[in-house]
Amino acid sequence: MEILQDLNPAQQDAVRHVEGPLLILAGPGSGKTRVIVHRIAYLIEHEGVEPRRIMAVTFTNKAAKELRDRVAALLGDMAGSLQLGTFHAICARILRIEGEAAGIDRAFAIYDDADQVSLMKGVLAELAVDPRKFAPRAILATISRAKSELATPAGFSAGVRDYFGEVASRAYARYQTLLEENNGLDFDDLIMRTVTMFRQNDSLLQKYQQRLLHVMIDEFQDTNIAQYVLARQFAGGHGNICVVGDPDQSIYSWRSADIRNILNFERDYPGAKTVLLEQNYRSSQNILDTAHAVIVGNESRKEKTLWTEQGAGAQIQVHEAYDDLEEADLVAAEVKALLSKRTHRSGDIAVMYRTNAQSRALEEALLREQVRYRLVGGTRFYARKEVKDLLAYLRLVHNPVDRVAFERVVNVPPRGIGEKTLDELERWSESLDLAPFAALELLAEDRQPPRPHRLAARAETALLGFHELLSGLIGSSRDRPVGELLSALLEQIGYRAFLLNEFEEDGEERWENVQQLLTLAAEYDGLTPEASLPQMLEDVALVAPSDEYNEQADSVTLITLHAAKGLEFPVVMIVGMEDGVLPHMRSFDDPVQMEEERRLCYVGMTRAKERLYLMRAFRRRLMGSSLRNPPSRFLKDVPPELIDARRPGRDEERESRYREPSLARMRPGGGAAGGRTLVPSEAAFAAGDHVRHERFGDGVVVSCMVTSDDQEVTVAFGNGSGVKKLLLSYAPLEKV
DNA sequence: CGCCGTACGGTTTTT
DNA sequence: CCGTACGGCG
């Protein structure tokens with residue numbers, strides 16, 4: 001493939017602009033990745049820039065990998081030395097190399113969500129704060145926001161205005177101290193510490209500014225303040241900064257992404273060139289028009305019109321189901337219908353939803369219908385208990401002061417170190433101002449140190465046993481790569497036997513996960529022993545578990561709308577098109593958040609190339625209770641003339657109008673595709689009306705509830721059928 | 001100390 | 001509804 005070939009004039013414009021700031025406002029499907037790829041290739045081929053002097057920051061590691069592959073397709077292995085990655089991965093790399101000068105121990109651990117919560121719980125206990133009044137996660141979210149705005153504990157406390165802030169401020173200070181004692185960095189620290197390191201060390205910054213001649217940032221609408229400042233630092237010398245984004249696809253403000261970064265780019269970088277990419281190469285016109293009709297509902301946005309040279313394409317399919325289970329059946333039925341027509345393969349189809357919890361019903365339905373699927377995200381591999389435990393061991397080997405890791409594994413498998421013993425050890429180690437493991441070291445070296453603690457002989461032996469295990473591993477980590485280290489560990493703690501014993505039901509499955517981790521670890525055995533362990537730990541913390549091995553496998557993708565950003569599929573089905581789900585109920589009282597929900601819907605719709613299905617359920621179970629959600633307000637924005645007027649589902653099923661959901665689900669073949677009759681908006685029955693039902697016989701109406709487009713009739717039937725809630729559009733009820 | 005029972009609270013979205 | 005957190009017992 002030739003550079004610049006097959007690019008439209010606007011795209012070529014973007015590729016050719018190599019000096020100074022460049023803002024690319026790229027609509028969905030406008031070939032922005034192509035532009036980035038060609039721009040990188042152009043810089044290398046035409047401008048003679050060395051690949052290692054080009055940095056491209058992506059939103060996910062997967063996107064970085066794709067970028068590398070596509071540049072490699074143009075230029076061959078020159079692509080190898082490009083600086084590619086997420087902000088987090090790039091910062092972690094820089095801090096490993098340069099951090100020592102800024103007081104960061106090379107062996108730092110990266111604290112994930114669960115580690116942070118565990119640390120925060122300890123902090124709240126210490127501060128005597130009731131975790132039910134101030135949720136650890138809420139406090140962590142506040143701290144995260146502060147860090148993403150580069151606020152230190154002192155800086156944050158200066159801006160505190162209410163009691164929650166006051167508590168958060170004290171928690172932040174203590175949390176940060178603990179983090180530092182543990183030699184741990186959380187995700188926000190990776191960015192913030194890099195920025196502050198560069199601020200304090202100008203010659204170091206200059207070194208990087210001179211090394212990096214070009215900085216490119218993708219998904220710029222989703223960067224936060226700290227990332228913005230970092231980008232500015234990188235580009236400070238030469239000013240060659242190219243940012244690519246789309247304000248309409250900003251969906252991460254909850255993670256402190258600041259849309260002003262892209263809106264104010266031209267102001268912050270005077271002389272910046274702006275390129276608009278508005279031609280869409282992905283979706284049919286009908287899909288674009290639908291997405292556009294939704295996004296124009298946002299007040300605060302600059303109008304931009306997407307257009308395509310492709311035809312109108314198929315109409316939008318809007319389907320309605322009784323409940324979430326039937327919705328899932330509907331999805332499975334539609335998927336099977338598409339597959340049986342042989343126009344699409346499973347891999348062409350994605351089902352998207354607002355919350356991860358929605359994936360469950362879908363999984364079950366697809367499993368039942370024997371449709372291959374691939375769940376993106378979900379319960380992550382690295383979040384499994386057995387995997388986390390083993391990783392905590394490895395973390396501890398690498399960074400023995402990591403208290404969170406220590407506490408996690410000190411008694412796994414059980415070796416007689418209970419709460420009491422741990423308490424005692426902690427009190428003692430704290431009095432010595434040492435990490436628990438360092439205190440054990442002392443205990444092991446000399447059995448008569450000054451120790452104002454009372455440990456039972458048995459407990460002491462257990463602790464010494466743990467110390468011996470760990471110091472042995474630390475010793476061998478110097479000359480054995482991580483794969484070998486891990487298998488030695490498994491052997492020594494008898495982990496297989498432990499799993500099979502402890503978890504009779506799913507012990508085998510857990511052991512398989514362990515073996516998968518072992519396979520993964522073995523991939524690092526090619527590195528030097530010292531490099532392999534930290535590299536693996538870093539990848540595990542920052543690189544999402546790779547679906548690569550089954551990426552080729554032909555299967556339906558189940559994915560959240562957030563995670564679908566940047567992807568495309570011939571067929572997209574968005575489920576849960578209900579007020580309360582999409583838009584999520586948590587955004588009802590905040591117009592700003594509501595606009596983000598709208599953008600999220602827009603992002604989902606614009607993933608579709610050929611066919612777009614919008615599904616909703618009348619009723620949805622959530623945490624035990626059952627909700628009745630009205631149709632999504634976004635659904636109402638879809639132009640009616642673009643909606644496929646044909647009734648969904650197969651013909652023969654439309655015949656029988658009655659469908660009791662639970663029975664429909666159990667029927668072989670799912671058969672939940674729903675035909676609906678029009679329902680009057682006034683109550684069809686009044687309480688006390690006598691009615692007759694095909695199957696349940698005669699009954700008396702208890703109530704009749706009118707919803708946005710249906711009615712739920714509660715009827716007390718005689719002869720043992722009891723009280724039933726029925727949907728008017730499904731149930732064949734007649735007045736007697 | 002570890003096992004087993006019950007009560008409770010939690011799910012928006014992720015690097 | 002489901003996983004986890006705590007309390008009582010062996």
# chains A, B, ... in the order shown; residues from 1 in each chain; ligands from 1
$ residues_around --residues "DG3 of chain C" --least-positions-apart "2" --cutoff "12 Å" --atoms "only C-alpha atoms (C1' of nucleotides)" --output "number ranges by chain"
A: 623; B: 8-10; C: 1, 5
$ write_last_selection --atoms "N, CA and C atoms (P, O5', C5', C4', C3', O3' and C1' of nucleotides)" --output "PDB file, in the first residue's frame"
ATOM      1  N   MET A 623     -31.155  -6.550  40.352  1.00  0.00           N
ATOM      2  CA  MET A 623     -30.862  -6.851  41.750  1.00  0.00           C
ATOM      3  C   MET A 623     -32.104  -7.373  42.474  1.00  0.00           C
TER       4      MET A 623
ATOM      5  P    DC B   8     -29.639  -6.864  58.234  1.00  0.00           P
ATOM      6  O5'  DC B   8     -28.690  -6.113  57.201  1.00  0.00           O
ATOM      7  C5'  DC B   8     -27.275  -6.091  57.396  1.00  0.00           C
ATOM      8  C4'  DC B   8     -26.605  -5.910  56.053  1.00  0.00           C
ATOM      9  C3'  DC B   8     -27.327  -4.902  55.147  1.00  0.00           C
ATOM     10  O3'  DC B   8     -26.391  -3.949  54.685  1.00  0.00           O
ATOM     11  C1'  DC B   8     -26.806  -6.873  53.958  1.00  0.00           C
ATOM     12  P    DG B   9     -26.848  -2.406  54.520  1.00  0.00           P
ATOM     13  O5'  DG B   9     -25.728  -1.834  53.542  1.00  0.00           O
ATOM     14  C5'  DG B   9     -24.525  -2.550  53.268  1.00  0.00           C
ATOM     15  C4'  DG B   9     -24.351  -2.745  51.762  1.00  0.00           C
ATOM     16  C3'  DG B   9     -25.127  -1.726  50.914  1.00  0.00           C
ATOM     17  O3'  DG B   9     -24.394  -1.359  49.773  1.00  0.00           O
ATOM     18  C1'  DG B   9     -25.683  -3.874  50.249  1.00  0.00           C
ATOM     19  P    DG B  10     -23.524  -0.283  49.470  1.00  0.00           P
ATOM     20  O5'  DG B  10     -22.734  -0.842  48.212  1.00  0.00           O
ATOM     21  C5'  DG B  10     -22.374  -2.223  48.127  1.00  0.00           C
ATOM     22  C4'  DG B  10     -22.564  -2.686  46.682  1.00  0.00           C
ATOM     23  C3'  DG B  10     -22.879  -1.567  45.699  1.00  0.00           C
ATOM     24  O3'  DG B  10     -22.281  -1.908  44.468  1.00  0.00           O
ATOM     25  C1'  DG B  10     -24.601  -3.120  45.620  1.00  0.00           C
TER      26       DG B  10
ATOM     27  P    DC C   1     -34.318 -14.763  43.786  1.00  0.00           P
ATOM     28  O5'  DC C   1     -33.168 -14.858  42.667  1.00  0.00           O
ATOM     29  C5'  DC C   1     -33.050 -13.729  41.799  1.00  0.00           C
ATOM     30  C4'  DC C   1     -31.596 -13.286  41.718  1.00  0.00           C
ATOM     31  C3'  DC C   1     -30.594 -14.185  42.434  1.00  0.00           C
ATOM     32  O3'  DC C   1     -29.468 -14.330  41.598  1.00  0.00           O
ATOM     33  C1'  DC C   1     -30.396 -11.974  43.247  1.00  0.00           C
ATOM     34  P    DA C   5     -15.825  -8.796  52.017  1.00  0.00           P
ATOM     35  O5'  DA C   5     -17.349  -8.506  52.445  1.00  0.00           O
ATOM     36  C5'  DA C   5     -17.708  -7.278  53.054  1.00  0.00           C
ATOM     37  C4'  DA C   5     -18.214  -7.497  54.483  1.00  0.00           C
ATOM     38  C3'  DA C   5     -17.137  -7.760  55.541  1.00  0.00           C
ATOM     39  O3'  DA C   5     -17.447  -6.989  56.708  1.00  0.00           O
ATOM     40  C1'  DA C   5     -18.738  -9.522  55.555  1.00  0.00           C
TER      41       DA C   5
END
$ interface_residues --of "chain A" --to "chain C" --cutoff "10 Å" --atoms "only C-alpha atoms (C1' of nucleotides)" --output "number ranges by chain"
A: 621-625
$ write_last_selection --atoms "C-alpha atoms" --output "mmCIF file, in the first residue's frame"
data_model
loop_
_atom_site.group_PDB
_atom_site.id
_atom_site.type_symbol
_atom_site.label_atom_id
_atom_site.label_comp_id
_atom_site.auth_asym_id
_atom_site.auth_seq_id
_atom_site.Cartn_x
_atom_site.Cartn_y
_atom_site.Cartn_z
ATOM 1 C CA ARG A 621 -35.057 -7.417 36.634
ATOM 2 C CA LEU A 622 -32.393 -5.576 38.535
ATOM 3 C CA MET A 623 -30.862 -6.851 41.750
ATOM 4 C CA GLY A 624 -33.850 -8.956 42.574
ATOM 5 C CA SER A 625 -36.551 -6.388 42.021
#
$ interface_residues --of "chain A" --to "chain B" --cutoff "9 Å" --atoms "only C-alpha atoms (C1' of nucleotides)" --output "PyMOL selection string"
chain A and resi 59-60+86-89+187+251-252+254-255+354-357+414+416-419+542-544+560-563+581+584-586+623
$ select_by_dssp --residues "segment 494-613 of chain A" --states "helix (DSSP H, G or I)" --output "number ranges by chain"
A: 495-502, 507-522, 529-542, 548-551, 585-587, 591-605
$ residues_around --residues "Ile97 of chain A" --least-positions-apart "6" --cutoff "12 Å" --atoms "only C-alpha atoms (C1' of nucleotides)" --output "MDAnalysis selection string"
chainID A and resid 90:91 103:108 194 204
$ write_last_selection --atoms "N, CA, C and O atoms" --output "PDB file, in the first residue's frame"
ATOM      1  N   ILE A  90       2.747   4.441  28.889  1.00  0.00           N
ATOM      2  CA  ILE A  90       3.914   5.269  28.581  1.00  0.00           C
ATOM      3  C   ILE A  90       4.511   5.847  29.868  1.00  0.00           C
ATOM      4  O   ILE A  90       5.726   5.816  30.085  1.00  0.00           O
ATOM      5  N   CYS A  91       3.639   6.324  30.748  1.00  0.00           N
ATOM      6  CA  CYS A  91       4.132   6.895  32.003  1.00  0.00           C
ATOM      7  C   CYS A  91       4.805   5.836  32.870  1.00  0.00           C
ATOM      8  O   CYS A  91       5.832   6.104  33.488  1.00  0.00           O
ATOM      9  N   GLY A 103      12.468  10.075  43.353  1.00  0.00           N
ATOM     10  CA  GLY A 103      12.141   9.383  44.592  1.00  0.00           C
ATOM     11  C   GLY A 103      11.150   8.255  44.437  1.00  0.00           C
ATOM     12  O   GLY A 103      10.448   7.896  45.380  1.00  0.00           O
ATOM     13  N   ILE A 104      11.074   7.695  43.241  1.00  0.00           N
ATOM     14  CA  ILE A 104      10.165   6.561  43.040  1.00  0.00           C
ATOM     15  C   ILE A 104      10.994   5.290  42.869  1.00  0.00           C
ATOM     16  O   ILE A 104      11.837   5.201  41.971  1.00  0.00           O
ATOM     17  N   ASP A 105      10.755   4.348  43.748  1.00  0.00           N
ATOM     18  CA  ASP A 105      11.486   3.086  43.708  1.00  0.00           C
ATOM     19  C   ASP A 105      11.126   2.323  42.433  1.00  0.00           C
ATOM     20  O   ASP A 105       9.967   2.169  42.101  1.00  0.00           O
ATOM     21  N   ARG A 106      12.151   1.874  41.749  1.00  0.00           N
ATOM     22  CA  ARG A 106      11.988   1.170  40.490  1.00  0.00           C
ATOM     23  C   ARG A 106      11.013  -0.008  40.577  1.00  0.00           C
ATOM     24  O   ARG A 106      10.353  -0.354  39.608  1.00  0.00           O
ATOM     25  N   ALA A 107      10.946  -0.606  41.747  1.00  0.00           N
ATOM     26  CA  ALA A 107      10.121  -1.808  41.907  1.00  0.00           C
ATOM     27  C   ALA A 107       8.658  -1.484  42.210  1.00  0.00           C
ATOM     28  O   ALA A 107       7.909  -2.346  42.632  1.00  0.00           O
ATOM     29  N   PHE A 108       8.239  -0.235  41.953  1.00  0.00           N
ATOM     30  CA  PHE A 108       6.886   0.151  42.359  1.00  0.00           C
ATOM     31  C   PHE A 108       5.818  -0.788  41.821  1.00  0.00           C
ATOM     32  O   PHE A 108       5.936  -1.332  40.721  1.00  0.00           O
ATOM     33  N   THR A 194       4.480  11.542  36.814  1.00  0.00           N
ATOM     34  CA  THR A 194       5.300  11.842  35.646  1.00  0.00           C
ATOM     35  C   THR A 194       5.311  13.348  35.392  1.00  0.00           C
ATOM     36  O   THR A 194       6.362  13.950  35.160  1.00  0.00           O
ATOM     37  N   LEU A 204      15.550  16.921  32.521  1.00  0.00           N
ATOM     38  CA  LEU A 204      14.984  15.632  32.126  1.00  0.00           C
ATOM     39  C   LEU A 204      13.891  15.852  31.082  1.00  0.00           C
ATOM     40  O   LEU A 204      13.830  15.153  30.059  1.00  0.00           O
TER      41      LEU A 204
END
$ select_by_dssp --residues "segment 107-240 of chain A" --states "strand (DSSP E)" --output "list in words"
Ala109, Ile110, Tyr111, Gly184, Leu185, Asp186, His214, Val215, Met216 and Ile217 of chain A
$ residues_around --residues "Met536 of chain A" --least-positions-apart "6" --cutoff "8 Å" --atoms "only C-alpha atoms (C1' of nucleotides)" --output "list in words"
Val482, Ala521 and Tyr524 of chain A
$ residues_around --residues "segment 110-122 of chain A" --least-positions-apart "6" --cutoff "6 Å" --atoms "only C-alpha atoms (C1' of nucleotides)" --output "PyMOL selection string"
chain A and resi 136+184-186
$ atom_distance --atom1 "atom CA of Phe569 of chain A" --atom2 "atom CA of Glu610 of chain A"
8.1 Å
$ residues_around --residues "Val15 of chain A" --least-positions-apart "5" --cutoff "7 Å" --atoms "only C-alpha atoms (C1' of nucleotides)" --output "PyMOL selection string"
chain A and resi 35+38-39
$ write_last_selection --atoms "N, CA and C atoms" --output "mmCIF file, in the first residue's frame"
data_model
loop_
_atom_site.group_PDB
_atom_site.id
_atom_site.type_symbol
_atom_site.label_atom_id
_atom_site.label_comp_id
_atom_site.auth_asym_id
_atom_site.auth_seq_id
_atom_site.Cartn_x
_atom_site.Cartn_y
_atom_site.Cartn_z
ATOM 1 N N VAL A 35 -5.818 7.843 8.862
ATOM 2 C CA VAL A 35 -5.077 9.097 8.763
ATOM 3 C C VAL A 35 -3.854 9.057 9.682
ATOM 4 N N HIS A 38 -1.250 6.744 8.173
ATOM 5 C CA HIS A 38 -0.574 7.334 7.018
ATOM 6 C C HIS A 38 0.300 8.517 7.426
ATOM 7 N N ARG A 39 -0.146 9.236 8.430
ATOM 8 C CA ARG A 39 0.639 10.383 8.869
ATOM 9 C C ARG A 39 1.971 9.912 9.459
#
$ atom_distance --atom1 "atom CA of Arg174 of chain A" --atom2 "atom CA of Leu463 of chain A"
27.9 Å
$ residues_around --residues "Gln492 of chain A" --least-positions-apart "5" --cutoff "12 Å" --atoms "only C-alpha atoms (C1' of nucleotides)" --output "compact mmCIF listing (two decimals) with N, CA and C atoms, in the first residue's frame"
# COMPACT_ATOMS: atom_id res chain seq x y z
N VAL A 412 -2.73 -17.81 52.35
CA VAL A 412 -3.28 -18.54 51.21
C VAL A 412 -2.20 -19.41 50.60
N PRO A 413 -2.36 -20.72 50.59
CA PRO A 413 -3.42 -21.46 51.27
C PRO A 413 -3.27 -21.34 52.80
N GLY A 465 7.64 -19.78 58.57
CA GLY A 465 7.48 -20.62 57.39
C GLY A 465 7.15 -19.78 56.17
N PHE A 466 6.25 -18.82 56.35
CA PHE A 466 5.88 -17.95 55.23
C PHE A 466 7.08 -17.13 54.78
N GLU A 468 10.18 -17.93 55.01
CA GLU A 468 11.14 -18.78 54.33
C GLU A 468 10.71 -19.00 52.88
N LEU A 469 9.42 -19.27 52.71
CA LEU A 469 8.87 -19.46 51.37
C LEU A 469 9.17 -18.25 50.50
N LEU A 470 8.86 -17.08 51.06
CA LEU A 470 8.98 -15.88 50.26
C LEU A 470 10.42 -15.50 49.99
N GLY A 472 12.87 -17.44 49.83
CA GLY A 472 13.37 -18.39 48.84
C GLY A 472 13.00 -17.94 47.43
N LEU A 473 11.76 -17.50 47.28
CA LEU A 473 11.29 -17.05 45.96
C LEU A 473 12.02 -15.79 45.52
N LEU A 485 9.51 -19.17 38.06
CA LEU A 485 9.24 -18.73 39.43
C LEU A 485 7.82 -19.13 39.84
N LEU A 486 6.91 -18.89 38.94
CA LEU A 486 5.51 -19.18 39.23
C LEU A 486 5.29 -20.68 39.40
N SER A 487 5.91 -21.48 38.54
CA SER A 487 5.67 -22.93 38.72
C SER A 487 6.30 -23.43 40.01
N ALA A 497 -3.63 -28.79 44.66
CA ALA A 497 -4.38 -29.57 45.66
C ALA A 497 -5.30 -28.65 46.46
N PHE A 498 -4.77 -27.48 46.80
CA PHE A 498 -5.56 -26.52 47.56
C PHE A 498 -6.83 -26.12 46.81
$ closest_residue --among "A:Leu537, A:Arg599, A:Gly239, A:Ala332" --to "Lys388 of chain A" --atoms "only C-alpha atoms"
A:Leu537
